[in-house]
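Shown below: my_file-v6.tsv, with TSV, C-alpha atoms.
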chain	number	residue	atom	x	y	z
A	1	MET	CA	141.34	115.96	117.33
A	2	ARG	CA	140.25	113.83	114.39
A	3	ARG	CA	142.15	114.59	111.19
A	4	GLN	CA	140.02	115.32	108.12
A	5	ASP	CA	140.23	112.86	105.23
A	6	ALA	CA	141.57	114.69	102.16
A	7	ARG	CA	139.09	112.81	99.98
A	8	THR	CA	136.26	114.82	101.55
A	9	LEU	CA	137.72	118.10	100.32
A	10	SER	CA	136.41	119.95	97.28
A	11	ALA	CA	138.16	119.51	93.96
A	12	ASP	CA	139.80	122.96	94.22
A	13	ALA	CA	141.04	122.22	97.76
A	14	GLN	CA	142.49	118.88	96.65
A	15	GLU	CA	144.33	120.57	93.77
A	16	ALA	CA	145.81	123.16	96.15
A	17	LEU	CA	146.85	120.35	98.52
A	18	ARG	CA	148.72	118.56	95.74
A	19	TYR	CA	150.66	121.69	94.81
A	20	ARG	CA	151.54	122.38	98.45
A	21	ALA	CA	152.83	118.83	98.81
A	22	LEU	CA	154.93	119.27	95.65
A	23	GLU	CA	156.48	122.51	96.97
A	24	ALA	CA	157.22	120.82	100.30
A	25	VAL	CA	159.02	117.89	98.66
A	26	ARG	CA	160.95	120.25	96.39
A	27	SER	CA	162.01	122.26	99.46
A	28	GLY	CA	163.79	119.17	100.79
A	29	ILE	CA	161.46	117.22	103.08
A	30	SER	CA	160.84	113.54	102.42
A	31	GLN	CA	157.67	112.17	100.86
A	32	THR	CA	156.87	110.46	104.16
A	33	GLU	CA	157.05	113.74	106.07
A	34	ALA	CA	154.93	115.46	103.40
A	35	ALA	CA	152.29	112.74	103.73
A	36	VAL	CA	152.13	113.23	107.50
A	37	ARG	CA	152.05	117.02	107.23
A	38	PHE	CA	149.20	117.10	104.70
A	39	GLY	CA	147.20	114.15	106.03
A	40	VAL	CA	147.45	111.78	103.06
A	41	ALA	CA	148.99	108.35	102.51
A	42	ARG	CA	152.65	108.10	101.58
A	43	GLY	CA	151.70	106.17	98.43
A	44	THR	CA	149.47	109.08	97.40
A	45	VAL	CA	152.39	111.52	97.59
A	46	ALA	CA	154.52	109.03	95.63
A	47	ARG	CA	151.90	108.90	92.85
A	48	TRP	CA	151.77	112.69	92.71
A	49	MET	CA	155.54	112.90	92.31
A	50	LYS	CA	155.47	110.27	89.55
A	51	ARG	CA	152.84	112.29	87.66
A	52	VAL	CA	155.06	115.40	88.00
A	53	ARG	CA	158.11	113.55	86.65
A	54	GLN	CA	156.10	112.31	83.64
A	55	GLY	CA	154.06	115.41	82.84
A	56	GLY	CA	155.39	118.31	84.84
A	57	ALA	CA	153.53	120.27	87.50
A	58	ARG	CA	150.52	120.58	85.19
A	59	ALA	CA	149.82	116.87	85.81
A	60	LEU	CA	148.58	117.81	89.30
A	61	ALA	CA	145.91	120.16	87.95
A	62	GLN	CA	142.26	119.44	88.64
A	63	ARG	CA	140.63	116.98	86.25
A	64	LYS	CA	136.99	116.67	85.31
A	65	ARG	CA	135.57	113.95	87.51
A	66	GLY	CA	132.69	111.52	87.11
A	67	ARG	CA	131.21	109.78	84.12
A	68	PRO	CA	130.63	112.20	81.21
A	69	LYS	CA	126.96	112.95	80.74
A	70	GLY	CA	125.43	111.11	77.84
A	71	ALA	CA	128.64	109.21	77.21
A	72	SER	CA	128.06	106.16	75.08
A	73	ARG	CA	130.14	104.08	72.79
A	74	LEU	CA	127.21	103.69	70.41
A	75	VAL	CA	126.01	106.55	68.26
A	76	GLY	CA	122.30	107.17	67.83
A	77	TRP	CA	121.68	105.09	64.71
A	78	GLN	CA	123.64	102.16	66.15
A	79	ALA	CA	121.54	102.19	69.32
A	80	ALA	CA	118.41	102.28	67.15
A	81	VAL	CA	119.57	99.16	65.29
A	82	ILE	CA	120.05	97.27	68.58
A	83	VAL	CA	116.67	98.41	69.94
A	84	ARG	CA	114.91	97.32	66.74
A	85	ALA	CA	116.61	93.92	66.88
A	86	ILE	CA	115.55	93.34	70.50
A	87	THR	CA	111.99	94.46	69.75
A	88	ASP	CA	111.39	92.56	66.51
A	89	ARG	CA	113.54	89.42	66.82
A	90	THR	CA	114.65	86.77	69.28
A	91	PRO	CA	118.37	85.96	69.60
A	92	ASP	CA	118.05	82.54	67.92
A	93	GLN	CA	116.41	84.21	64.91
A	94	LEU	CA	119.64	86.19	64.58
A	95	LYS	CA	121.65	82.91	64.74
A	96	MET	CA	122.86	83.60	68.27
A	97	PRO	CA	123.19	80.86	70.93
A	98	PHE	CA	120.45	82.39	73.09
A	99	VAL	CA	116.67	82.11	73.30
A	100	LEU	CA	116.01	85.10	75.57
A	101	TRP	CA	117.31	88.66	75.43
A	102	THR	CA	119.66	88.77	78.41
A	103	ARG	CA	122.41	91.30	79.05
A	104	GLU	CA	124.91	88.74	77.75
A	105	ALA	CA	122.93	88.33	74.53
A	106	VAL	CA	122.72	92.11	74.00
A	107	ARG	CA	126.43	92.48	74.73
A	108	ASP	CA	127.30	89.86	72.12
A	109	LEU	CA	124.93	91.46	69.59
A	110	VAL	CA	126.61	94.86	70.07
A	111	ALA	CA	130.04	93.28	69.69
A	112	ALA	CA	129.05	91.33	66.56
A	113	LYS	CA	127.39	94.25	64.76
A	114	PHE	CA	129.62	97.18	65.73
A	115	GLN	CA	132.79	95.63	67.27
A	116	VAL	CA	132.08	97.52	70.50
A	117	ARG	CA	132.84	95.63	73.70
A	118	VAL	CA	131.41	96.89	76.98
A	119	SER	CA	130.66	95.43	80.42
A	120	LEU	CA	127.38	93.84	81.45
A	121	MET	CA	126.81	96.76	83.81
A	122	THR	CA	127.00	99.16	80.87
A	123	ILE	CA	124.59	96.99	78.88
A	124	GLY	CA	122.21	97.12	81.83
A	125	ARG	CA	122.37	100.94	81.88
A	126	TRP	CA	121.74	101.11	78.15
A	127	LEU	CA	118.74	98.77	78.36
A	128	LYS	CA	117.25	100.87	81.15
A	129	ARG	CA	117.84	104.05	79.16
A	130	TRP	CA	116.18	102.48	76.09
A	131	GLY	CA	113.09	101.56	78.11
A	132	PHE	CA	113.65	97.81	78.49
A	133	THR	CA	112.95	95.87	81.70
A	134	PRO	CA	113.41	92.13	82.47
A	135	GLN	CA	110.06	90.35	82.05
A	136	LYS	CA	108.70	86.82	81.87
A	137	PRO	CA	108.11	86.19	78.16
A	138	VAL	CA	104.86	84.91	76.70
A	139	ARG	CA	105.19	81.74	74.65
A	140	ARG	CA	103.72	82.03	71.15
A	141	ALA	CA	103.54	79.31	68.51
A	142	TRP	CA	105.61	79.67	65.35
A	143	GLU	CA	102.61	78.44	63.38
A	144	GLN	CA	100.50	81.45	64.32
A	145	ASN	CA	99.42	83.56	61.35
A	146	ARG	CA	99.82	87.21	62.36
A	147	LYS	CA	97.67	88.44	59.50
A	148	ALA	CA	94.86	86.16	60.64
A	149	VAL	CA	95.20	87.52	64.18
A	150	GLN	CA	95.03	91.11	62.93
A	151	ARG	CA	92.05	90.27	60.75
A	152	TRP	CA	90.32	88.70	63.78
A	153	ARG	CA	90.88	91.82	65.89
A	154	LYS	CA	89.94	94.38	63.25
A	155	GLU	CA	87.28	92.61	61.17
A	156	THR	CA	86.05	89.21	62.34
A	157	TYR	CA	85.36	89.86	66.01
A	158	PRO	CA	83.86	93.35	65.44
A	159	GLY	CA	81.54	91.67	62.92
A	160	ILE	CA	80.53	89.03	65.47
A	161	ARG	CA	79.89	91.75	68.03
A	162	ARG	CA	77.66	93.73	65.64
A	163	GLN	CA	75.73	90.59	64.70
A	164	ALA	CA	75.25	89.69	68.38
A	165	LYS	CA	73.90	93.16	69.04
A	166	ARG	CA	71.38	92.82	66.21
A	167	ASP	CA	70.30	89.37	67.41
A	168	GLY	CA	70.25	90.35	71.09
A	169	ALA	CA	72.77	87.57	71.72
A	170	GLU	CA	75.27	87.12	74.55
A	171	ILE	CA	78.92	86.44	73.62
A	172	HIS	CA	80.67	83.71	75.64
A	173	TRP	CA	84.36	82.86	75.39
A	174	GLY	CA	84.99	79.17	76.03
A	175	ASP	CA	87.85	76.76	76.59
A	176	GLU	CA	88.78	73.44	78.21
A	177	MET	CA	91.76	72.40	80.29
A	178	GLY	CA	93.08	69.44	82.24
A	179	MET	CA	94.30	69.61	85.86
A	180	ARG	CA	96.67	67.29	87.72
A	181	SER	CA	97.06	66.61	91.41
A	182	ASP	CA	100.85	67.15	91.28
A	183	HIS	CA	100.57	70.69	89.91
A	184	GLN	CA	102.08	73.25	92.30
A	185	ALA	CA	102.03	77.04	92.26
A	186	GLY	CA	103.27	79.75	94.57
A	187	ARG	CA	106.17	79.82	97.04
A	188	SER	CA	106.59	79.04	100.72
A	189	TYR	CA	109.03	80.61	103.18
A	190	GLY	CA	111.75	78.39	104.59
A	191	ARG	CA	115.21	78.70	106.11
A	192	ARG	CA	117.97	79.65	103.72
A	193	GLY	CA	119.32	76.56	101.98
A	194	GLN	CA	116.49	74.32	103.24
A	195	THR	CA	113.75	73.77	100.68
A	196	PRO	CA	110.30	73.63	102.34
A	197	VAL	CA	108.58	70.24	102.12
A	198	ILE	CA	104.81	70.12	101.54
A	199	PRO	CA	103.28	66.71	102.35
A	200	GLY	CA	100.74	65.29	99.92
A	201	THR	CA	99.57	62.09	98.35
A	202	GLY	CA	101.93	60.26	96.03
A	203	GLN	CA	99.03	59.20	93.81
A	204	ARG	CA	98.47	60.98	90.53
A	205	PHE	CA	94.99	61.84	89.39
A	206	GLY	CA	93.28	64.66	87.63
A	207	CYS	CA	90.11	66.16	86.28
A	208	ASN	CA	89.02	68.45	83.47
A	209	LEU	CA	87.20	71.75	83.19
A	210	ILE	CA	85.11	73.29	80.42
A	211	SER	CA	83.99	76.88	80.96
A	212	THR	CA	82.84	80.12	79.37
A	213	VAL	CA	83.09	83.74	80.51
A	214	THR	CA	81.53	87.00	79.32
A	215	ASN	CA	82.70	90.58	79.62
A	216	ARG	CA	79.58	91.25	81.73
A	217	GLY	CA	80.92	88.99	84.50
A	218	THR	CA	79.03	85.76	83.72
A	219	LEU	CA	80.81	82.46	84.36
A	220	ARG	CA	79.54	79.02	83.35
A	221	PHE	CA	81.50	75.81	83.98
A	222	MET	CA	81.41	72.04	84.15
A	223	VAL	CA	84.00	69.91	85.97
A	224	PHE	CA	84.37	66.34	84.74
A	225	HIS	CA	86.84	63.48	84.51
A	226	GLY	CA	87.58	61.28	81.56
A	227	ARG	CA	88.29	62.11	77.93
A	228	PHE	CA	86.98	65.31	76.40
A	229	SER	CA	84.58	64.33	73.63
A	230	ALA	CA	81.70	65.67	71.56
A	231	HIS	CA	79.29	64.14	74.10
A	232	VAL	CA	80.87	66.18	76.92
A	233	LEU	CA	80.87	69.38	74.87
A	234	LEU	CA	77.20	68.97	73.89
A	235	ALA	CA	76.23	68.33	77.50
A	236	PHE	CA	77.87	71.60	78.48
A	237	LEU	CA	76.37	73.57	75.58
A	238	HIS	CA	72.94	72.19	76.46
A	239	ARG	CA	73.38	73.54	80.00
A	240	LEU	CA	74.57	76.84	78.60
A	241	ILE	CA	71.46	77.25	76.45
A	242	ARG	CA	69.18	76.27	79.32
A	243	SER	CA	70.73	78.84	81.69
A	244	ALA	CA	70.73	81.68	79.14
A	245	ARG	CA	67.72	83.92	78.55
A	246	ARG	CA	68.70	84.79	75.01
A	247	THR	CA	70.72	83.52	72.06
A	248	VAL	CA	74.26	82.47	72.90
A	249	TYR	CA	77.31	83.11	70.72
A	250	VAL	CA	80.25	80.94	71.83
A	251	ILE	CA	83.81	81.66	70.68
A	252	LEU	CA	86.14	78.65	70.88
A	253	ASP	CA	89.49	77.52	69.56
A	254	ARG	CA	89.80	75.06	66.69
A	255	HIS	CA	89.94	71.85	68.74
A	256	PRO	CA	88.80	68.87	66.59
A	257	VAL	CA	85.94	68.14	68.99
A	258	HIS	CA	84.57	71.67	68.56
A	259	ARG	CA	84.36	71.18	64.81
A	260	SER	CA	83.28	67.54	64.75
A	261	VAL	CA	80.37	66.36	62.60
A	262	THR	CA	78.37	65.40	65.69
A	263	VAL	CA	78.61	68.93	67.09
A	264	GLN	CA	77.79	70.54	63.74
A	265	LYS	CA	74.64	68.44	63.35
A	266	TRP	CA	73.55	69.33	66.87
A	267	LEU	CA	74.10	73.04	66.19
A	268	ALA	CA	72.20	72.92	62.90
A	269	ARG	CA	69.03	72.04	64.82
A	270	ARG	CA	69.46	74.91	67.29
A	271	THR	CA	70.45	77.92	65.19
A	272	ALA	CA	67.91	80.11	67.02
A	273	HIS	CA	69.58	79.36	70.37
A	274	ILE	CA	73.32	79.03	69.83
A	275	ARG	CA	76.10	79.71	67.30
A	276	LEU	CA	79.78	78.79	67.46
A	277	PHE	CA	82.71	80.83	66.16
A	278	TRP	CA	86.40	79.90	65.88
A	279	LEU	CA	89.47	81.82	66.99
A	280	PRO	CA	92.50	81.99	64.64
A	281	PRO	CA	94.73	78.90	64.90
A	282	TYR	CA	97.43	78.84	67.60
A	283	SER	CA	96.16	82.01	69.29
A	284	PRO	CA	95.23	81.20	72.91
A	285	GLU	CA	96.27	84.69	74.01
A	286	LEU	CA	93.18	86.06	72.25
A	287	ASN	CA	90.83	84.11	74.54
A	288	PRO	CA	89.90	85.69	77.92
A	289	ASP	CA	88.86	82.27	79.23
A	290	GLU	CA	92.56	81.34	79.28
A	291	ASN	CA	92.93	83.79	82.18
A	292	LEU	CA	90.26	81.88	84.11
A	293	ASN	CA	92.21	78.67	83.44
A	294	ASN	CA	95.38	80.24	84.81
A	295	ASP	CA	93.50	81.49	87.87
A	296	VAL	CA	92.06	78.04	88.61
A	297	LYS	CA	95.41	76.27	88.13
A	298	ALA	CA	97.21	78.74	90.38
A	299	ASN	CA	94.65	79.06	93.19
A	300	ALA	CA	92.22	76.15	93.10
A	301	VAL	CA	94.77	73.44	92.24
A	302	GLY	CA	98.34	74.64	92.74
A	303	ARG	CA	97.87	75.89	96.32
A	304	ARG	CA	95.80	72.98	97.67
A	305	ARG	CA	96.54	69.31	98.40
A	306	PRO	CA	93.55	67.07	97.51
A	307	THR	CA	93.59	63.50	98.78
A	308	ASP	CA	91.80	61.99	95.77
A	309	ARG	CA	89.99	62.93	92.56
A	310	ARG	CA	86.68	63.57	94.31
A	311	ASP	CA	88.37	65.96	96.74
A	312	MET	CA	90.11	67.72	93.86
A	313	MET	CA	86.92	68.17	91.86
A	314	ALA	CA	85.15	69.51	94.96
A	315	ASP	CA	87.93	72.08	95.48
A	316	VAL	CA	87.72	73.24	91.86
A	317	ARG	CA	83.91	73.47	91.93
A	318	GLY	CA	83.99	75.39	95.19
A	319	TYR	CA	86.51	77.88	93.85
A	320	LEU	CA	84.54	78.39	90.63
A	321	ARG	CA	81.24	78.84	92.45
A	322	SER	CA	82.85	81.48	94.63
A	323	THR	CA	84.21	83.23	91.52
A	324	GLN	CA	80.82	82.93	89.85
A	325	LYS	CA	79.29	85.03	92.64
A	326	GLN	CA	81.84	87.82	92.07
A	327	PRO	CA	81.29	89.23	88.55
A	328	HIS	CA	83.95	91.90	89.07
A	329	ILE	CA	86.58	89.13	89.23
A	330	VAL	CA	85.31	87.57	85.98
A	331	LYS	CA	85.44	90.99	84.30
A	332	GLN	CA	89.10	91.30	85.28
A	333	TYR	CA	89.93	88.38	83.00
A	334	PHE	CA	89.28	90.81	80.13
A	335	HIS	CA	91.76	93.42	81.42
A	336	ALA	CA	94.89	91.68	80.14
A	337	PRO	CA	96.43	93.63	77.21
A	338	THR	CA	95.95	90.80	74.69
A	339	VAL	CA	92.19	90.49	75.34
A	340	GLN	CA	91.16	94.07	76.05
A	341	TYR	CA	89.66	94.19	72.55
A	342	ALA	CA	86.88	91.89	73.90
A	343	MET	CA	85.86	94.17	76.77
A	344	ASP	CA	83.18	96.01	74.75
Before we go any further, please render this structure as structure tokens.
Amino acid sequence: MRRQDARTLSADAQEALRYRALEAVRSGISQTEAAVRFGVARGTVARWMKRVRQGGARALAQRKRGRPKGASRLVGWQAAVIVRAITDRTPDQLKMPFVLWTREAVRDLVAAKFQVRVSLMTIGRWLKRWGFTPQKPVRRAWEQNRKAVQRWRKETYPGIRRQAKRDGAEIHWGDEMGMRSDHQAGRSYGRRGQTPVIPGTGQRFGCNLISTVTNRGTLRFMVFHGRFSAHVLLAFLHRLIRSARRTVYVILDRHPVHRSVTVQKWLARRTAHIRLFWLPPYSPELNPDENLNNDVKANAVGRRRPTDRRDMMADVRGYLRSTQKQPHIVKQYFHAPTVQYAMD
């Protein structure tokens, strides 16, 4: 017959077992015999007897088990200070030797502010309780003017939208990007410890893309190679006007080419057909066309292996033409939290 492990007993039964073992040892039997009789280890009986010698028989009484509910070594206002610091600052802004908020960084912050030292596991529990999860951070330029961004969201862009409605114009969000043949995205399965090898050309080449998207699912693009210049931009804008059935409003960043004298003179002669507007400086996250760029880099470039520039440009054009025929995909570029304001 299999003997029951005493650790599976209820707390009350374990307390009774300890007192019975104590009575047995006091009656004259050895600790070894008591261990055999009651189905516990000899060392367990020895620990019980030590507790009795130090604190009397009361030391064998049942104790409250488990981690106390709501136990924390930070009081409410202290936790609020830590949460506010994580939300509003980065570690280096607080003169800490970290860039990202990791468990180690939070642990050191707690120790520095309140002289409370806890394990990383405890920090992890606190972060979960406070509603924090590990995420890939978004890079944002120090030079960005937050007031200008707020003004763009609340005043400037709503004004552009109202003006476009009065003029019967279509709002396009535009951008340019460069692509390289050695760019790689995604992962590939391989045996543990053996990095998969993907064969490809050792030559380096690239091409460029200029594109616009609308929240109605329209995509316009031009793939080219060579330097981005006013001539290239005007060629694209000319195509854009020709393909549109109404006035076009184009929102771009503040690239020098976009604001060049050549472009401004060209626009001045076509005010009935096209107008350009500028995003706040250092604010690419406000532009939905950035999501198209990320899509193209990840799926049209990063997951394919072109043999030369012509092959690469054909891959990019093919991917964009396929996307162009699926307006619902283009509309999804406006679903990201930072550009949802442009969905209407």
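Relative to CA of Glu285 in chain A, CA of Val106 in chain A is found at 27.5 Å.
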Pick out the residues sitting within 12 Å of Ala230 in chain A, and hand them over as a ChimeraX atom specification; count only C-alpha atoms, and ignore anything fewer than 4 positions along from it in its own chain.
/A:234-238,255-267
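Between CA of Gly56 in chain A and CA of Gln14 in chain A the separation is 17.5 Å.
Relative to CA of Leu286 in chain A, CA of Arg146 in chain A is found at 12.0 Å.
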Might you pull out every residue within 7 Å of range 287-303 of chain A, with all atoms listed in the file counted and same-chain residues fewer than 5 positions away left off, and present them as an mmCIF file with C-alpha atoms, keeping the file's coordinate frame?
data_model
loop_
_atom_site.group_PDB
_atom_site.id
_atom_site.type_symbol
_atom_site.label_atom_id
_atom_site.label_comp_id
_atom_site.auth_asym_id
_atom_site.auth_seq_id
_atom_site.Cartn_x
_atom_site.Cartn_y
_atom_site.Cartn_z
ATOM 1 C CA TRP A 173 84.360 82.860 75.390
ATOM 2 C CA GLY A 174 84.990 79.170 76.030
ATOM 3 C CA ASP A 175 87.850 76.760 76.590
ATOM 4 C CA HIS A 183 100.570 70.690 89.910
ATOM 5 C CA GLN A 184 102.080 73.250 92.300
ATOM 6 C CA ALA A 185 102.030 77.040 92.260
ATOM 7 C CA GLY A 186 103.270 79.750 94.570
ATOM 8 C CA THR A 212 82.840 80.120 79.370
ATOM 9 C CA VAL A 213 83.090 83.740 80.510
ATOM 10 C CA ASP A 315 87.930 72.080 95.480
ATOM 11 C CA VAL A 316 87.720 73.240 91.860
ATOM 12 C CA TYR A 319 86.510 77.880 93.850
ATOM 13 C CA TYR A 333 89.930 88.380 83.000
ATOM 14 C CA PHE A 334 89.280 90.810 80.130
ATOM 15 C CA VAL A 339 92.190 90.490 75.340
#
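Nearest to Arg317 in chain A of all the residues A:Thr247, A:Ser211, A:Ser119, A:Leu22 is A:Ser211, counting all atoms listed in the file.
Restricting the calculation to all atoms listed in the file, the smallest distance between Arg216 in chain A and any of A:Pro91, A:Pro97, A:Pro327, A:Gly168 is found for A:Pro327.
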Here is a test: counting only C-alpha atoms, which residue of A:Ala24, A:Leu120, A:Leu276, A:Ala16 is nearest to Ala105 in chain A?
A:Leu120
For Phe277 in chain A, which residue out of A:Gln62, A:Thr156, A:Asn145, A:Ser27 is the nearest one, using all atoms listed in the file?
A:Thr156
Nearest candidate to Pro306 in chain A (options A:Gln203, A:Gln194, A:Ser181, A:Thr271; using only C-alpha atoms)
A:Ser181
